[in-house]
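Visitor: Take a look at the following structure, please.
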Amino acid sequence: MANSSFAGSEGLHVMRLGGTAEQTENIFGPLAGLIGSWVGNKGWNLIAVPNQKGGFVLLTSPYIETLTISPLATPTPNRGERIIQQLPTLLYELKINSLIDGSLMHAENGTWLLLPDCPSGFGVARQASVPHGDSLLAPGTVQVTKGGPSIPDISSLPDIGGTRLGYLDPYLTPMQGFNKTNPNATLRQASSQQTIVQTTTISVSTDNQGGIVNIPFIVKNADASKFEATFWLETVLDKPTGRTFQQLQYSQATSIDFLPRLDGKGLIQWPHININTLIKR
């Protein structure tokens with residue numbers, strides 16, 4: 001067995017043991033299926049950003065994503081008063097490139113944690129760090145069900161605190177291949193003709209006793225105040241061969257706060273939405 005050690009608060013050394021690859025994967029329970037390399041070219045990015053005229057610009061872009069998720073060989077220990085919490089930990093790294101010109105659109109690294117003995121009752125958590133200067137913690141829940149996922153509608157329209165003629169027209173202009181007002185409709189379409197035999201649904205949010213920390217420039221100009229995401233890890237039946245393969249769909253939204261609401265009650269929260277469908281290689 002692989003092993004490592006660290007000094008505890010009393011100066012004692014606590015041994016951390018790692019097992020075989022099979023044993024390592026088994027400790028992750030419903031998160032085990034995330035381990036591996038994923039690629040998806042059905043991604044869409046929707047984000048409103050401030051312009052220099054005191055308004056906003058809506059950007060929508062298709063993308064390809066590469067995602068690698070690997071396990072730590074041993075759980076991460078948290079020392080408590082009566083017990084030591086052992087957190088099975090997955091490391092991930094992703095890159096997103098434009099399908100239009102291949103340029104890099106987004107890079108991110110972080111962890112997925114399985115949370116035993118969690119006082120809040122949340123069973124999983126996602127930690128993420130992005131080069132814009134944002135770091136987040138989003139706890140949540142995980143559930144395994146038979147059949148395909150239940151992907152709800154989602155609105156990309158911000159609550160501007162009133163009505164202004166033509167203000168949200170960039171959202172309402174139709175776009176081929178992407179539903180700008182309800183991006184999850186596009187996500188559902190990607191798997192509508194498939195036979196999905198099992199789904200693991202992982203839902204996380206910074207509202208679940210988590211949060212986001214941003215560098216001062218972000219806070220001043222376009223503050224990221226909230227993050228939520230749902231991942232659907234799907235076992236898909238390939239009917240011609242009778243075999244199955246693993247598919248990962250997700251929908252995530254970050255609230256980007258800038259420009260005053262029309263009713264004067266704070267800033268507009270603009271939904272920054274990403275969706276994609278990836279296949280395990």
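Letters A, B, ... mark the chains of the structure tokens in the order given; residue numbers begin at 1 per chain; ligand numbers begin at 1, in order shown.
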When you look at Asp153 (chain A) with a cut-off of 12 Å (counting only C-alpha atoms), what residues show up, excluding the ones that are within fewer than 6 positions of it in the same chain? I need them as JSON, numbers by chain.
Guide: {"A": [179, 180, 181, 182, 183, 184, 185, 186, 187, 188, 251]}
Visitor: Under the rule that only C-alpha atoms are counted, which of A:Ser135, A:Thr244, A:Ser150, A:Thr277 is the nearest residue to Val213 (chain A)?
Guide: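 Result for the nearest residue to Val213 (chain A): A:Ser135.
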Visitor: Leu259 (chain A): which residues within 8 Å, counting only C-alpha atoms, same-chain residues fewer than 4 positions away excluded, as a ChimeraX atom specification?
Guide: /A:50,54-55,267-268
Visitor: Generate a file of the selected residues that holds N, CA and C atoms, formatted as a PDB file, in the first residue's frame.
Guide:
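So out_17.pdb came out as:
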ATOM      1  N   PRO A  50     -20.705  44.055 -18.884  1.00  0.00           N
ATOM      2  CA  PRO A  50     -20.889  45.507 -19.013  1.00  0.00           C
ATOM      3  C   PRO A  50     -20.093  46.063 -20.189  1.00  0.00           C
ATOM      4  N   GLY A  54     -22.291  52.202 -20.374  1.00  0.00           N
ATOM      5  CA  GLY A  54     -23.238  52.101 -19.270  1.00  0.00           C
ATOM      6  C   GLY A  54     -24.340  51.094 -19.496  1.00  0.00           C
ATOM      7  N   GLY A  55     -24.160  50.200 -20.441  1.00  0.00           N
ATOM      8  CA  GLY A  55     -25.146  49.166 -20.732  1.00  0.00           C
ATOM      9  C   GLY A  55     -24.520  47.789 -20.638  1.00  0.00           C
ATOM     10  N   LEU A 267     -28.272  45.888  -7.441  1.00  0.00           N
ATOM     11  CA  LEU A 267     -27.783  45.656  -8.791  1.00  0.00           C
ATOM     12  C   LEU A 267     -28.550  44.527  -9.466  1.00  0.00           C
ATOM     13  N   ILE A 268     -28.568  44.554 -10.795  1.00  0.00           N
ATOM     14  CA  ILE A 268     -29.149  43.461 -11.580  1.00  0.00           C
ATOM     15  C   ILE A 268     -28.241  42.241 -11.463  1.00  0.00           C
TER      16      ILE A 268
END
Visitor: Please provide the set of residues having any atom within 9 Å of Pro88 (chain A), restricted to only C-alpha atoms, with same-chain residues fewer than 2 positions apart removed, written as a VMD selection string.
Guide: chain A and resid 24 27 to 28 71 to 77 86 90 112 to 116
Visitor: Please determine, counting only C-alpha atoms, which residue among A:Thr111, A:Asn41, A:Asn26, A:Thr60 has the shortest atom-to-atom distance to Pro174 (chain A).
Guide: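 Counting only C-alpha atoms, the residue closest to Pro174 (chain A) is A:Thr60.
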Visitor: If you run DSSP over the backbone, which residues in region 68-175 of chain A end up strand (DSSP E or B)? Put them as a PyMOL selection string.
Guide: chain A and resi 68-71+76-79+84-87+89-98+104-114+124-130+134-146+175
Visitor: Mind giving me the straight-line distance from CA of Ser103 (chain A) to CA of Trp38 (chain A) in Å, one decimal?
Guide: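 It comes out at 19.1 Å.
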Visitor: Pick out the residues sitting within 8 Å of Ala48 (chain A), and hand them over as JSON, numbers by chain; count only C-alpha atoms, and ignore anything fewer than 5 positions along from it in its own chain.
Guide: {"A": [56, 57, 58, 59, 270, 271, 272]}
Visitor: Please dump the current selection as an mmCIF file, in the first residue's frame; keep all heavy atoms.
Guide:
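Writing the result to again_23.cif gives the following:
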data_model
loop_
_atom_site.group_PDB
_atom_site.id
_atom_site.type_symbol
_atom_site.label_atom_id
_atom_site.label_comp_id
_atom_site.auth_asym_id
_atom_site.auth_seq_id
_atom_site.Cartn_x
_atom_site.Cartn_y
_atom_site.Cartn_z
ATOM 1 N N PHE A 56 -25.014 46.862 -21.449
ATOM 2 C CA PHE A 56 -24.492 45.501 -21.428
ATOM 3 C C PHE A 56 -24.426 44.942 -22.836
ATOM 4 O O PHE A 56 -25.084 45.422 -23.762
ATOM 5 C CB PHE A 56 -25.366 44.597 -20.552
ATOM 6 C CG PHE A 56 -26.687 44.212 -21.176
ATOM 7 C CD1 PHE A 56 -26.824 43.033 -21.891
ATOM 8 C CD2 PHE A 56 -27.801 45.042 -21.059
ATOM 9 C CE1 PHE A 56 -28.035 42.671 -22.476
ATOM 10 C CE2 PHE A 56 -29.010 44.692 -21.632
ATOM 11 C CZ PHE A 56 -29.131 43.504 -22.340
ATOM 12 N N VAL A 57 -23.611 43.910 -22.986
ATOM 13 C CA VAL A 57 -23.504 43.141 -24.220
ATOM 14 C C VAL A 57 -23.762 41.686 -23.871
ATOM 15 O O VAL A 57 -23.198 41.170 -22.895
ATOM 16 C CB VAL A 57 -22.114 43.286 -24.868
ATOM 17 C CG1 VAL A 57 -22.002 42.408 -26.104
ATOM 18 C CG2 VAL A 57 -21.827 44.741 -25.215
ATOM 19 N N LEU A 58 -24.623 41.016 -24.626
ATOM 20 C CA LEU A 58 -24.898 39.602 -24.421
ATOM 21 C C LEU A 58 -24.032 38.785 -25.374
ATOM 22 O O LEU A 58 -24.092 38.960 -26.596
ATOM 23 C CB LEU A 58 -26.376 39.289 -24.669
ATOM 24 C CG LEU A 58 -26.786 37.833 -24.423
ATOM 25 C CD1 LEU A 58 -26.630 37.462 -22.953
ATOM 26 C CD2 LEU A 58 -28.228 37.589 -24.886
ATOM 27 N N LEU A 59 -23.225 37.882 -24.806
ATOM 28 C CA LEU A 59 -22.339 37.030 -25.595
ATOM 29 C C LEU A 59 -22.825 35.589 -25.523
ATOM 30 O O LEU A 59 -23.097 35.069 -24.439
ATOM 31 C CB LEU A 59 -20.907 37.115 -25.052
ATOM 32 C CG LEU A 59 -20.299 38.515 -24.924
ATOM 33 C CD1 LEU A 59 -18.915 38.430 -24.287
ATOM 34 C CD2 LEU A 59 -20.226 39.203 -26.278
ATOM 35 N N TRP A 270 -27.225 39.157 -13.370
ATOM 36 C CA TRP A 270 -27.273 38.614 -14.729
ATOM 37 C C TRP A 270 -26.861 37.137 -14.698
ATOM 38 O O TRP A 270 -25.746 36.812 -14.282
ATOM 39 C CB TRP A 270 -26.326 39.384 -15.638
ATOM 40 C CG TRP A 270 -26.599 40.854 -15.702
ATOM 41 C CD1 TRP A 270 -26.160 41.810 -14.834
ATOM 42 C CD2 TRP A 270 -27.383 41.541 -16.681
ATOM 43 N NE1 TRP A 270 -26.609 43.047 -15.212
ATOM 44 C CE2 TRP A 270 -27.366 42.916 -16.352
ATOM 45 C CE3 TRP A 270 -28.094 41.127 -17.817
ATOM 46 C CZ2 TRP A 270 -28.034 43.875 -17.099
ATOM 47 C CZ3 TRP A 270 -28.747 42.089 -18.573
ATOM 48 C CH2 TRP A 270 -28.716 43.438 -18.222
ATOM 49 N N PRO A 271 -27.723 36.208 -15.138
ATOM 50 C CA PRO A 271 -27.348 34.792 -15.148
ATOM 51 C C PRO A 271 -26.292 34.490 -16.226
ATOM 52 O O PRO A 271 -26.508 34.754 -17.413
ATOM 53 C CB PRO A 271 -28.662 34.070 -15.470
ATOM 54 C CG PRO A 271 -29.740 35.059 -15.151
ATOM 55 C CD PRO A 271 -29.145 36.394 -15.465
ATOM 56 N N HIS A 272 -25.172 33.985 -15.785
ATOM 57 C CA HIS A 272 -24.140 33.476 -16.691
ATOM 58 C C HIS A 272 -24.301 31.974 -16.741
ATOM 59 O O HIS A 272 -24.039 31.280 -15.753
ATOM 60 C CB HIS A 272 -22.751 33.871 -16.176
ATOM 61 C CG HIS A 272 -21.619 33.232 -16.926
ATOM 62 N ND1 HIS A 272 -20.371 33.063 -16.376
ATOM 63 C CD2 HIS A 272 -21.551 32.712 -18.174
ATOM 64 C CE1 HIS A 272 -19.585 32.472 -17.254
ATOM 65 N NE2 HIS A 272 -20.282 32.244 -18.349
#
Visitor: Rank nothing, just name the residue among A:Gln176, A:Ile69, A:Cys118, A:Ala107 nearest to Ile83 (chain A), using only C-alpha atoms.
Guide: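 Using only C-alpha atoms, Ile83 (chain A) sits closest to A:Cys118.
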Visitor: Using Å and a single decimal, report how far CA of Leu237 (chain A) sits from CA of Thr195 (chain A).
Guide: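 Atom-to-atom, CA of Thr195 (chain A) and CA of Leu237 (chain A) are spaced 5.5 Å apart.
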Visitor: Identify, with DSSP run on backbone atoms, the residues in region 49-235 of chain A assigned to helix (DSSP H, G or I), and express the list as JSON, numbers by chain.
Guide: {"A": [169, 170, 171, 172, 183, 184, 185, 186, 187, 188, 189, 190, 216, 217, 218, 219, 220, 221]}
Visitor: Filtering to all heavy atoms, could you give me those residues as a compact mmCIF listing (two decimals), in the first residue's frame?
Guide:
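Contents of again_35.txt, freshly written:
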# COMPACT_ATOMS: atom_id res chain seq x y z
N ASP A 169 -34.04 42.75 -25.53
CA ASP A 169 -34.15 42.21 -26.89
C ASP A 169 -33.01 41.27 -27.28
O ASP A 169 -33.24 40.30 -28.02
CB ASP A 169 -34.24 43.35 -27.91
CG ASP A 169 -35.64 43.93 -27.99
OD1 ASP A 169 -36.54 43.40 -27.29
OD2 ASP A 169 -35.85 44.92 -28.72
N PRO A 170 -31.75 41.49 -26.83
CA PRO A 170 -30.68 40.55 -27.22
C PRO A 170 -30.96 39.11 -26.78
O PRO A 170 -30.51 38.16 -27.43
CB PRO A 170 -29.45 41.11 -26.50
CG PRO A 170 -29.72 42.57 -26.38
CD PRO A 170 -31.20 42.67 -26.13
N TYR A 171 -31.74 38.93 -25.69
CA TYR A 171 -32.08 37.59 -25.24
C TYR A 171 -33.19 36.97 -26.09
O TYR A 171 -33.29 35.75 -26.20
CB TYR A 171 -32.57 37.63 -23.78
CG TYR A 171 -31.49 37.86 -22.77
CD1 TYR A 171 -31.12 39.16 -22.41
CD2 TYR A 171 -30.84 36.80 -22.14
CE1 TYR A 171 -30.14 39.39 -21.45
CE2 TYR A 171 -29.86 37.02 -21.19
CZ TYR A 171 -29.50 38.31 -20.85
OH TYR A 171 -28.53 38.54 -19.91
N LEU A 172 -34.04 37.82 -26.64
CA LEU A 172 -35.26 37.35 -27.31
C LEU A 172 -35.07 37.09 -28.79
O LEU A 172 -35.94 36.52 -29.44
CB LEU A 172 -36.38 38.36 -27.09
CG LEU A 172 -36.68 38.71 -25.62
CD1 LEU A 172 -37.78 39.77 -25.55
CD2 LEU A 172 -37.08 37.46 -24.85
N PRO A 183 -31.76 27.76 -21.89
CA PRO A 183 -30.67 26.91 -22.37
C PRO A 183 -30.84 25.43 -22.08
O PRO A 183 -30.34 24.58 -22.82
CB PRO A 183 -29.45 27.49 -21.63
CG PRO A 183 -29.80 28.93 -21.40
CD PRO A 183 -31.27 28.91 -21.11
N ASN A 184 -31.55 25.08 -21.02
CA ASN A 184 -31.73 23.66 -20.71
C ASN A 184 -32.56 22.93 -21.74
O ASN A 184 -32.50 21.70 -21.85
CB ASN A 184 -32.36 23.50 -19.33
CG ASN A 184 -31.33 23.59 -18.21
OD1 ASN A 184 -30.18 23.95 -18.45
ND2 ASN A 184 -31.74 23.27 -17.00
N ALA A 185 -33.36 23.67 -22.52
CA ALA A 185 -34.08 23.03 -23.63
C ALA A 185 -33.10 22.49 -24.66
O ALA A 185 -33.31 21.41 -25.23
CB ALA A 185 -35.05 24.03 -24.27
N THR A 186 -32.03 23.22 -24.89
CA THR A 186 -30.97 22.75 -25.79
C THR A 186 -30.26 21.55 -25.20
O THR A 186 -29.93 20.60 -25.91
CB THR A 186 -29.97 23.88 -26.06
OG1 THR A 186 -30.65 25.01 -26.62
CG2 THR A 186 -28.87 23.44 -27.03
N LEU A 187 -30.04 21.56 -23.90
CA LEU A 187 -29.39 20.44 -23.22
C LEU A 187 -30.25 19.18 -23.32
O LEU A 187 -29.74 18.08 -23.60
CB LEU A 187 -29.14 20.80 -21.77
CG LEU A 187 -28.29 19.83 -20.95
CD1 LEU A 187 -26.88 19.75 -21.49
CD2 LEU A 187 -28.29 20.23 -19.48
N ARG A 188 -31.55 19.31 -23.11
CA ARG A 188 -32.45 18.15 -23.23
C ARG A 188 -32.44 17.58 -24.64
O ARG A 188 -32.50 16.37 -24.84
CB ARG A 188 -33.88 18.54 -22.83
CG ARG A 188 -34.08 18.78 -21.35
CD ARG A 188 -35.56 18.79 -21.00
NE ARG A 188 -36.29 19.86 -21.68
CZ ARG A 188 -36.58 21.03 -21.13
NH1 ARG A 188 -36.18 21.30 -19.90
NH2 ARG A 188 -37.26 21.93 -21.79
N GLN A 189 -32.37 18.45 -25.63
CA GLN A 189 -32.38 18.01 -27.02
C GLN A 189 -31.19 17.12 -27.33
O GLN A 189 -31.29 16.17 -28.12
CB GLN A 189 -32.38 19.24 -27.95
CG GLN A 189 -32.42 18.91 -29.43
CD GLN A 189 -33.68 18.16 -29.85
OE1 GLN A 189 -34.74 18.37 -29.28
NE2 GLN A 189 -33.57 17.30 -30.86
N ALA A 190 -30.06 17.38 -26.69
CA ALA A 190 -28.84 16.62 -26.96
C ALA A 190 -28.97 15.15 -26.60
O ALA A 190 -28.29 14.29 -27.18
CB ALA A 190 -27.66 17.24 -26.20
N PRO A 216 -10.68 42.18 -5.98
CA PRO A 216 -11.36 43.49 -5.92
C PRO A 216 -11.86 44.01 -7.26
O PRO A 216 -12.93 44.63 -7.32
CB PRO A 216 -10.29 44.41 -5.33
CG PRO A 216 -9.45 43.50 -4.49
CD PRO A 216 -9.40 42.21 -5.25
N PHE A 217 -11.14 43.77 -8.36
CA PHE A 217 -11.60 44.26 -9.67
C PHE A 217 -12.94 43.63 -10.04
O PHE A 217 -13.84 44.32 -10.54
CB PHE A 217 -10.56 43.92 -10.74
CG PHE A 217 -10.93 44.43 -12.12
CD1 PHE A 217 -10.56 45.69 -12.54
CD2 PHE A 217 -11.68 43.64 -12.99
CE1 PHE A 217 -10.91 46.16 -13.80
CE2 PHE A 217 -12.04 44.09 -14.25
CZ PHE A 217 -11.65 45.37 -14.66
N ILE A 218 -13.07 42.33 -9.80
CA ILE A 218 -14.32 41.65 -10.10
C ILE A 218 -15.45 42.20 -9.24
O ILE A 218 -16.56 42.48 -9.72
CB ILE A 218 -14.18 40.13 -9.88
CG1 ILE A 218 -13.16 39.53 -10.85
CG2 ILE A 218 -15.52 39.43 -10.01
CD1 ILE A 218 -13.57 39.55 -12.29
N VAL A 219 -15.19 42.37 -7.95
CA VAL A 219 -16.21 42.88 -7.03
C VAL A 219 -16.70 44.25 -7.49
O VAL A 219 -17.91 44.54 -7.45
CB VAL A 219 -15.65 42.97 -5.60
CG1 VAL A 219 -16.65 43.64 -4.67
CG2 VAL A 219 -15.30 41.57 -5.08
N LYS A 220 -15.81 45.09 -7.96
CA LYS A 220 -16.17 46.45 -8.34
C LYS A 220 -16.93 46.52 -9.66
O LYS A 220 -17.86 47.31 -9.81
CB LYS A 220 -14.92 47.31 -8.43
CG LYS A 220 -15.18 48.76 -8.85
CD LYS A 220 -13.89 49.56 -8.94
CE LYS A 220 -14.17 50.99 -9.39
NZ LYS A 220 -12.91 51.79 -9.48
N ASN A 221 -16.56 45.68 -10.63
CA ASN A 221 -17.07 45.84 -11.98
C ASN A 221 -18.18 44.86 -12.38
O ASN A 221 -19.12 45.24 -13.06
CB ASN A 221 -15.91 45.71 -12.98
CG ASN A 221 -14.96 46.87 -12.91
OD1 ASN A 221 -15.19 47.92 -13.49
ND2 ASN A 221 -13.85 46.69 -12.19
Visitor: Between A:Ile256, A:Ala138, A:Met175, A:Val124, which one has atoms that come closest to Leu87 (chain A), using only C-alpha atoms?
Guide: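 Looking only at the distances to Leu87 (chain A), the closest residue turns out to be A:Val124.
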Visitor: Any idea what's packed within 7 Å of Ser205 (chain A), counting only C-alpha atoms, ignoring anything in its chain fewer than 3 positions away? Could you give it as a PDB file with C-alpha atoms, in the first residue's frame?
Guide:
ATOM      1  CA  ALA A 138     -20.696  24.801  -3.417  1.00  0.00           C
ATOM      2  CA  PRO A 139     -22.048  21.957  -1.224  1.00  0.00           C
ATOM      3  CA  GLY A 140     -25.002  19.877  -2.343  1.00  0.00           C
ATOM      4  CA  ASN A 208     -25.790  25.675   0.727  1.00  0.00           C
ATOM      5  CA  PHE A 227     -23.183  29.802  -8.255  1.00  0.00           C
ATOM      6  CA  GLU A 228     -25.324  26.706  -8.750  1.00  0.00           C
ATOM      7  CA  ALA A 229     -24.942  23.661 -10.952  1.00  0.00           C
TER       8      ALA A 229
END
Visitor: Restricting the calculation to only C-alpha atoms, which member of A:Thr163, A:Leu94, A:Gln209, A:Thr199 is positioned closest to Gly121 (chain A)?
Guide: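 Using only C-alpha atoms, Gly121 (chain A) sits closest to A:Gln209.
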Visitor: Given the choices A:Asp238, A:Asn45, A:Leu278, A:Asn78, which gets closest to Gln193 (chain A) if the distance is worked out from only C-alpha atoms?
Guide: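 Among the listed residues, the smallest separation from Gln193 (chain A) belongs to A:Asp238.
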Visitor: Could you check how far CA of Ile275 (chain A) sits from CA of Phe122 (chain A), in Å to one decimal?
Guide: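 Interatomic distance here is 23.7 Å.
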